[in-house]
Each structure stands twice: as structure tokens, then as C-alpha cells.
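The next block holds one structure in the form of C-alpha cells; read it before the comments.
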Amino acid sequence: MKDFTAARPVPRAINWNRLEDDTDLDVWNRLTVNFWLPEKVPLSNDIQSWSQLTEDERQLTIRVFTGLTLLDTIQNSVGAPTLMVDAITPHEEAVLSNIAFMEAVHARSYSSVFSTLCQTADVDEAFRWSAENEHLQAKSRLILDEYAATENPLKKKIASVFLESFLFYSGFYLPMHWSSRARLTNTADLIRLIIRDEAIHGYYIGYKFQRGMERLPEAERNALKDFAFALLFDLYEIEARYTEQLYDGLGLTEDVKQFLHYNANKALQNLGFEALFPDDACKVNPAIMAALSPNSDENHDFFSGSGSSYVIGKAVATEDEDWDF
Amino acid sequence: MAGLVYFSSGSGNTARLIERLGLPALRIPRDPAAPMPCPDAPFVLVSPTYSDGTGRGAVHRQVIRFLNDAPTRALLRGVIAGGNRNFGTTFALAGDVISRKCNVPVLYRFELAGTDTDLTRIRAGLTRFWSTEDTQCLMQA
């Protein structure tokens, strides 16, 4: 008969009706409602638009998308699974499994764009380019180093939030740029779905980071904050070089860097830290902002007299049963 | 002079905005069992957005509970909404929902914990907003 004391430990069955942290269920619900697949986006409507890009513009776009594919691949196969080990609640582990799977959907969706719009040889060339690109490899390595360093789970979360909320944006800029010029608009719709998901991922991992920080003495909190800012500086240096390499040809580098600063600040806010870059270094081109959140009035400021003061009826779902007046 | 009421969840973004704003503000608790604040003067509500991709659930259930109290709601003058532009068309949607439900203007929108520019605009804007509100009250009296 087997020795029961040496038996393999079995996890407790997850009970979603007994929550230790309500945010786990809230985020699970958001993520599952937002589930999508690239087949839902009519990418073939971009075929004509694609043919109107110059050869350089097409090559740049494919390269940017292979770079994004690499980050999603890392997050799917290493990032989210490595965070699961540190989960405080079983529900957190389940949320991270959803995040891991959606990263696979994101990585897969770039290949849908490729198979719809591009020549196989051009795509193969771009994947070779991404495997050899020093900046792309360097930033991936910095993140992977933190994922492998298991002595501090909160450092893994910092690296993960920087990947989700900062590193993607040198790539996301390009489809938003095309979209602002009425090019590749369906591809941009797909990218916006990815951006929406990454925003929730960055929020959630940042939220769990803050819960972890609360348990630490001040000296350790300060050390982690110093670590976070140092890692962001290192990543920013690489991103700046990567951005120059990609966008100098289109004359967009300075514009992309403003976008990087803006997103770096948002990544820090997800972690509960203050912004690093001053507002005048975050002057993102309004056309990019409008491409990011269409219909949301960029300059909405009732105080200064711009924007509409009252919202005119728009079809938005609200749960009327919750409002009892 | 009237005040602010705000809600902030575990991310703490709105709480950090309020802290840096440095204006007196009442907090709507996260815990449904905790007592709700009872403002006794006109106020502006600062609310983050929790919407899914279709716009559902934009206003946190605790904020809805707070606004379901009629005497409280009668003192609401405007809403400032937090959000994230990465959510596209549902960015800061809580402001739009509260505006329509309660017939008050959306005064301002900010992202996450806001920027220094946001803080400057909100401070100056609130000062001007309350001065016109006061004038209107006097005229009605």
C-alpha cells in the first residue's frame, strides 16, 4: 500500500463563489467578455490598401509585426506562465491562464495579417530579420532575465508590466499611423483589440504588484522602485535605438519617441509609481491619439469650453437594473 | 465652496490623482459593507471606468450604490472621469454614463492617475466651475 504522507500534493479545486480578491473575478469577466479571434476581423478588405504602400513601407510593417509577434510569443510561453507560479489566489492563476492564451491569439493574429496581405518570402525574410535584430533581441533578453530570476516574484511582475504597457508601443505606433491616414484600417481594428487586451493585462499585473508591495517593509519597497526605474531606463535606451532604426526612414522617430514616453509613464502608473517623463516630452500626435481611441473627443475639457458638456444619447449598454432611480 | 467625492479601486490611480490634487475629497469605500459618505454640499464626482469591450459595467457598483441615494444625487453637479485611451471608444465611459443618468456635465477626462497638465486643468477648472455655480444659486434665490 502506498505511503499517503509522501503522496503528490493535489491542488484545491477552485471555487469561484469564494473569492479572496474580487478583482480576480472582475478581470476574469472583462477578459472573457472581450475574447476575440482574428478570423472575426475582415483583414482581406485591406488588400487594396496594402498594395498602395511603397515597398519600404510594406517591409517596415512586416518587420514591426514580427517584432510584436516575438513579444507576444514570450508573454504566452514564458511571461504569463512564470507569473502563475507566484499567484496568491487560485483565481489569479486562472486569470493568468487566460492572459497566456490571449497572448497566443495575439501572436497568431499577426500571421493572419501576413497570410492575407503578404508574400511568403517577404514574411520569412522579416522573421529572419527579427531573430537577428540586436535591439529586439536585447530587450527580449532583459525581460527574460527577470522572468528567469525567481528570487523575487515582484521583479517578474515589473518586467511583465513593462512588456505589456511599454515595449509593445514602438510597434503599435505604425498601424495607428497608417490608420490615421485611412490605410490598413481593418488591420488597425485588429491591433486595437490587442491594445485593449494588453491594457487589462498591464492593469491586472500592476494591481497584483501593488498588493505584493503593500506587504513589504519600506526599504524593500524603495529597492524595488529603484529596480523598476533602472530597468525602464535600460529598456528605454534599447527602444530608442530600435525606434530610430525602424522609423528614421519615414521621418517619424521623434513622434514615436513622444508616444514611447507617454506609454512608459502609463506603465509606471500601472505599477503605482509616478510618471518619469514630463508632460512636454509626451506630446503624442493628436492623429495617433484619435486612431487609438476613435470617437473619444481628444480635447474634451468642459472647463476650458471645448468639447460637449452633455453627452448626447449614444447606444451604450448600461445595467439599468442596478440604478434604482 | 463645494467639494469632491471619488472612488478608487485597488489600482489606486484615482486616489493618487486626488492626493496630488490636494483638494478636500470624500472617498466612496470599496467595501460594500462600509458606510457611504453623505455630502452636505454640492459636489463633483471623480470616477474611474471599468467597462468591458461593449460598454457594460463602466460605472463601479459602489459608485452606483452611492448615486442611488436621492438626497446625495441631488447635490451632484458634474463628473470627472478616469480611464485609459487603450480602451478606444469606451475610454472614460463612466463619465458619459453618469452624465446621462444624472443629467450633469462631464467636466473632464483623464487617463489612469492623470498627468501634471491634468491636475492644473482640473484645479483651475473646478475653481471657475464653482464660481459660476455660486452665481447661478444666487440668481435662483
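Chain lettering (A, B, ...) mirrors the order of the C-alpha cells, residue numbering begins at 1 for each chain separately, and ligand numbering begins at 1 in order of display.
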
Report task. Within 6 Å of chain A, which residues of chain B are there when counting only C-alpha atoms? Please give them as a list in words. Result -> Ser11, Asp52, Gly53, Gly55, Arg56, Arg85, Asn86, Phe87, Gly88, Thr89, Asp96, Pro105, Val106, Leu107, Tyr108 and Gly125 of chain B

Go ahead and save the picked residues with C-alpha atoms, as a PDB file, in the first residue's frame.
ATOM      1  CA  SER B  11      -5.030  50.085  -8.677  1.00  0.00           C
ATOM      2  CA  ASP B  52     -15.878  45.786 -20.935  1.00  0.00           C
ATOM      3  CA  GLY B  53     -15.485  45.957 -24.725  1.00  0.00           C
ATOM      4  CA  GLY B  55     -19.550  49.301 -22.650  1.00  0.00           C
ATOM      5  CA  ARG B  56     -21.171  47.256 -19.901  1.00  0.00           C
ATOM      6  CA  ARG B  85      -7.353  55.522 -24.106  1.00  0.00           C
ATOM      7  CA  ASN B  86      -6.265  51.980 -24.910  1.00  0.00           C
ATOM      8  CA  PHE B  87      -9.895  51.002 -24.437  1.00  0.00           C
ATOM      9  CA  GLY B  88     -10.772  53.013 -27.540  1.00  0.00           C
ATOM     10  CA  THR B  89     -14.394  54.071 -27.799  1.00  0.00           C
ATOM     11  CA  ASP B  96     -20.783  59.577 -20.109  1.00  0.00           C
ATOM     12  CA  PRO B 105     -21.986  67.611 -17.410  1.00  0.00           C
ATOM     13  CA  VAL B 106     -18.818  65.577 -17.950  1.00  0.00           C
ATOM     14  CA  LEU B 107     -16.273  68.173 -16.867  1.00  0.00           C
ATOM     15  CA  TYR B 108     -13.037  66.420 -17.698  1.00  0.00           C
ATOM     16  CA  GLY B 125     -11.483  74.342 -13.960  1.00  0.00           C
TER      17      GLY B 125
END

Requested in this report: Using DSSP on the backbone coordinates, identify all residues within range 48-160 of chain A classified as alpha helix (DSSP H); present the result as a PyMOL selection string.
Outcome: chain A and resi 48-51+55-74+80-84+90-117+120-132+134-148+153-160

Query raised in the report: With only C-alpha atoms as the atoms that count, which of B:Arg128, B:Arg20, B:His60, B:Arg65 lies nearest to Leu93 in chain B?
Result: B:His60

Please provide the set of residues having any atom within 9 Å of Val104 in chain B, restricted to only C-alpha atoms, with same-chain residues fewer than 3 positions apart removed, written as a PDB file with N, CA and C atoms, in the first residue's frame.
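As written to disk, out.pdb reads:
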ATOM      1  N   SER A 309     -20.745  69.516 -23.377  1.00  0.00           N
ATOM      2  CA  SER A 309     -20.912  69.433 -21.935  1.00  0.00           C
ATOM      3  C   SER A 309     -21.780  68.254 -21.549  1.00  0.00           C
ATOM      4  N   TYR A 310     -22.826  68.017 -22.310  1.00  0.00           N
ATOM      5  CA  TYR A 310     -23.689  66.892 -22.013  1.00  0.00           C
ATOM      6  C   TYR A 310     -23.515  65.854 -23.101  1.00  0.00           C
TER       7      TYR A 310
ATOM      8  N   LEU B  76     -25.166  66.366  -6.745  1.00  0.00           N
ATOM      9  CA  LEU B  76     -24.154  66.124  -7.785  1.00  0.00           C
ATOM     10  C   LEU B  76     -24.242  67.202  -8.859  1.00  0.00           C
ATOM     11  N   ARG B  77     -23.086  67.845  -9.158  1.00  0.00           N
ATOM     12  CA  ARG B  77     -23.082  68.932 -10.145  1.00  0.00           C
ATOM     13  C   ARG B  77     -22.345  68.589 -11.427  1.00  0.00           C
ATOM     14  N   GLY B  78     -21.439  67.638 -11.346  1.00  0.00           N
ATOM     15  CA  GLY B  78     -20.669  67.298 -12.540  1.00  0.00           C
ATOM     16  C   GLY B  78     -19.826  66.071 -12.275  1.00  0.00           C
ATOM     17  N   VAL B  79     -19.247  65.533 -13.349  1.00  0.00           N
ATOM     18  CA  VAL B  79     -18.438  64.328 -13.189  1.00  0.00           C
ATOM     19  C   VAL B  79     -17.113  64.471 -13.939  1.00  0.00           C
ATOM     20  N   ILE B  98     -22.724  58.362 -16.242  1.00  0.00           N
ATOM     21  CA  ILE B  98     -23.202  59.135 -15.089  1.00  0.00           C
ATOM     22  C   ILE B  98     -23.840  60.443 -15.558  1.00  0.00           C
ATOM     23  N   SER B  99     -23.217  61.068 -16.554  1.00  0.00           N
ATOM     24  CA  SER B  99     -23.747  62.314 -17.108  1.00  0.00           C
ATOM     25  C   SER B  99     -25.181  62.122 -17.596  1.00  0.00           C
ATOM     26  N   ARG B 100     -25.400  61.037 -18.337  1.00  0.00           N
ATOM     27  CA  ARG B 100     -26.724  60.802 -18.924  1.00  0.00           C
ATOM     28  C   ARG B 100     -27.738  60.422 -17.851  1.00  0.00           C
ATOM     29  N   LYS B 101     -27.285  59.573 -16.918  1.00  0.00           N
ATOM     30  CA  LYS B 101     -28.192  59.119 -15.864  1.00  0.00           C
ATOM     31  C   LYS B 101     -28.616  60.264 -14.948  1.00  0.00           C
ATOM     32  N   LEU B 107     -17.133  66.988 -16.930  1.00  0.00           N
ATOM     33  CA  LEU B 107     -16.273  68.173 -16.867  1.00  0.00           C
ATOM     34  C   LEU B 107     -14.890  67.919 -17.442  1.00  0.00           C
TER      35      LEU B 107
END

Query raised in the report: Mind pulling up the distance from CA of Val46 in chain B to CA of Ala94 in chain B?
Result: 9.7 Å

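Take the candidates A:Trp178, A:Tyr169, A:Phe233, A:Phe162 and check each one against Leu276 in chain A using only C-alpha atoms; the shortest distance goes to A:Phe233.
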
Requested in this report: Using only C-alpha atoms, find the one residue out of A:Leu117, A:Asp72, A:Lys155, A:Arg128 that sits nearest to Ser140 in chain A.
Outcome: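 Nearest candidate to Ser140 in chain A out of A:Leu117, A:Asp72, A:Lys155, A:Arg128: A:Asp72.
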
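Between CA of Tyr242 in chain A and CA of Ser180 in chain A there is a distance of 22.4 Å.
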
Requested in this report: Could you please determine the separation between CA of Lys157 in chain A and CA of Gly12 in chain B in Å, to one decimal place?
Outcome: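 We find that CA of Lys157 in chain A and CA of Gly12 in chain B lie 17.1 Å from each other.
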
Which residues are close to Pro11 in chain A, i.e. within 12 Å by only C-alpha atoms, leaving aside same-chain residues fewer than 3 positions away? Reply as a short mmCIF file (atom, residue, chain, number, x, y, z; two decimals) with N, CA and C atoms, in the first residue's frame.
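Everything below was put into selection_6.cif:
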data_model
loop_
_atom_site.label_atom_id
_atom_site.label_comp_id
_atom_site.auth_asym_id
_atom_site.auth_seq_id
_atom_site.Cartn_x
_atom_site.Cartn_y
_atom_site.Cartn_z
N ARG A 8 1.81 12.81 -3.79
CA ARG A 8 1.92 14.03 -4.57
C ARG A 8 0.82 15.02 -4.14
N ILE A 14 -10.86 24.87 -7.55
CA ILE A 14 -11.10 26.32 -7.49
C ILE A 14 -12.59 26.60 -7.30
N ASN A 15 -12.91 27.41 -6.33
CA ASN A 15 -14.30 27.79 -6.06
C ASN A 15 -14.47 29.28 -6.36
N THR A 89 -3.71 33.69 -5.22
CA THR A 89 -5.01 33.02 -5.14
C THR A 89 -5.15 32.08 -6.34
N PRO A 90 -5.96 31.01 -6.20
CA PRO A 90 -6.19 30.12 -7.35
C PRO A 90 -6.87 30.86 -8.51
N GLU A 93 -4.36 32.56 -10.67
CA GLU A 93 -3.75 31.60 -11.58
C GLU A 93 -4.64 31.40 -12.82
#

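Non-sequential neighbours of range 109-111 of chain B (distance at most 6 Å, separation of 4 or more positions within a chain, only C-alpha atoms) are Ile80, Ala81, Gly82, Gly83 and Asn84 of chain B.
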
With N, CA and C atoms kept, could you save the residues just selected as a CSV table (one decimal), in the first residue's frame?
chain,number,residue,atom,x,y,z
B,80,ILE,N,-16.1,64.0,-13.3
B,80,ILE,CA,-14.7,63.9,-13.9
B,80,ILE,C,-14.4,62.4,-14.0
B,81,ALA,N,-14.1,62.0,-15.2
B,81,ALA,CA,-14.0,60.5,-15.4
B,81,ALA,C,-12.5,60.1,-15.8
B,82,GLY,N,-12.1,59.0,-15.1
B,82,GLY,CA,-10.8,58.4,-15.4
B,82,GLY,C,-11.0,57.2,-16.4
B,83,GLY,N,-9.9,56.9,-17.0
B,83,GLY,CA,-9.9,55.8,-17.9
B,83,GLY,C,-8.6,55.5,-18.6
B,84,ASN,N,-8.6,54.8,-19.7
B,84,ASN,CA,-7.4,54.5,-20.4
B,84,ASN,C,-7.7,54.6,-21.9

**Report entry** Ala94 in chain A environment, 10 Å, only C-alpha atoms, sequence neighbours closer than 2 positions dropped, as a list in words
**Finding:**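 Residues near the query, excluding close chain neighbours: Ile14, Asp24, Leu25, Trp28, Met84, Ala87, Thr89, Pro90, His91, Glu92, Leu96, Ser97, Asn98, Ile99 and Ala100 of chain A.
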
Keeping N, CA and C atoms, export the residues of the selection given above as a CSV table (one decimal), in the first residue's frame.
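Everything below was put into again_39.csv:
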chain,number,residue,atom,x,y,z
A,14,ILE,N,-10.9,24.9,-7.5
A,14,ILE,CA,-11.1,26.3,-7.5
A,14,ILE,C,-12.6,26.6,-7.3
A,24,ASP,N,-10.0,39.5,-9.0
A,24,ASP,CA,-9.8,38.4,-9.9
A,24,ASP,C,-11.0,38.1,-10.7
A,25,LEU,N,-12.2,38.1,-10.1
A,25,LEU,CA,-13.4,37.8,-10.9
A,25,LEU,C,-13.7,38.9,-11.8
A,28,TRP,N,-11.4,38.6,-14.7
A,28,TRP,CA,-11.8,37.4,-15.5
A,28,TRP,C,-13.0,37.7,-16.4
A,84,MET,N,2.3,32.6,-13.1
A,84,MET,CA,1.3,31.7,-12.4
A,84,MET,C,1.9,31.1,-11.2
A,87,ALA,N,1.2,33.1,-8.1
A,87,ALA,CA,-0.1,33.5,-7.9
A,87,ALA,C,-0.5,33.3,-6.4
A,89,THR,N,-3.7,33.7,-5.2
A,89,THR,CA,-5.0,33.0,-5.1
A,89,THR,C,-5.2,32.1,-6.3
A,90,PRO,N,-6.0,31.0,-6.2
A,90,PRO,CA,-6.2,30.1,-7.4
A,90,PRO,C,-6.9,30.9,-8.5
A,91,HIS,N,-7.7,31.9,-8.2
A,91,HIS,CA,-8.3,32.7,-9.2
A,91,HIS,C,-7.4,33.5,-10.0
A,92,GLU,N,-6.3,34.0,-9.3
A,92,GLU,CA,-5.3,34.7,-10.0
A,92,GLU,C,-4.6,33.8,-11.1
A,96,LEU,N,-4.4,34.4,-15.1
A,96,LEU,CA,-3.1,34.4,-15.8
A,96,LEU,C,-3.2,33.3,-17.0
A,97,SER,N,-3.9,32.2,-16.8
A,97,SER,CA,-4.0,31.3,-17.9
A,97,SER,C,-4.8,31.8,-19.0
A,98,ASN,N,-5.8,32.7,-18.7
A,98,ASN,CA,-6.5,33.4,-19.8
A,98,ASN,C,-5.5,34.4,-20.5
A,99,ILE,N,-4.8,35.1,-19.7
A,99,ILE,CA,-3.8,36.1,-20.3
A,99,ILE,C,-2.8,35.3,-21.2
A,100,ALA,N,-2.3,34.2,-20.7
A,100,ALA,CA,-1.4,33.4,-21.5
A,100,ALA,C,-2.0,33.0,-22.9

Query - Closest of B:Thr54, B:Gln62, B:Asn103, B:Ser9 to Ala74 in chain B - atom-to-atom distances counting only C-alpha atoms - result: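 The closest residue to Ala74 in chain B is B:Asn103.
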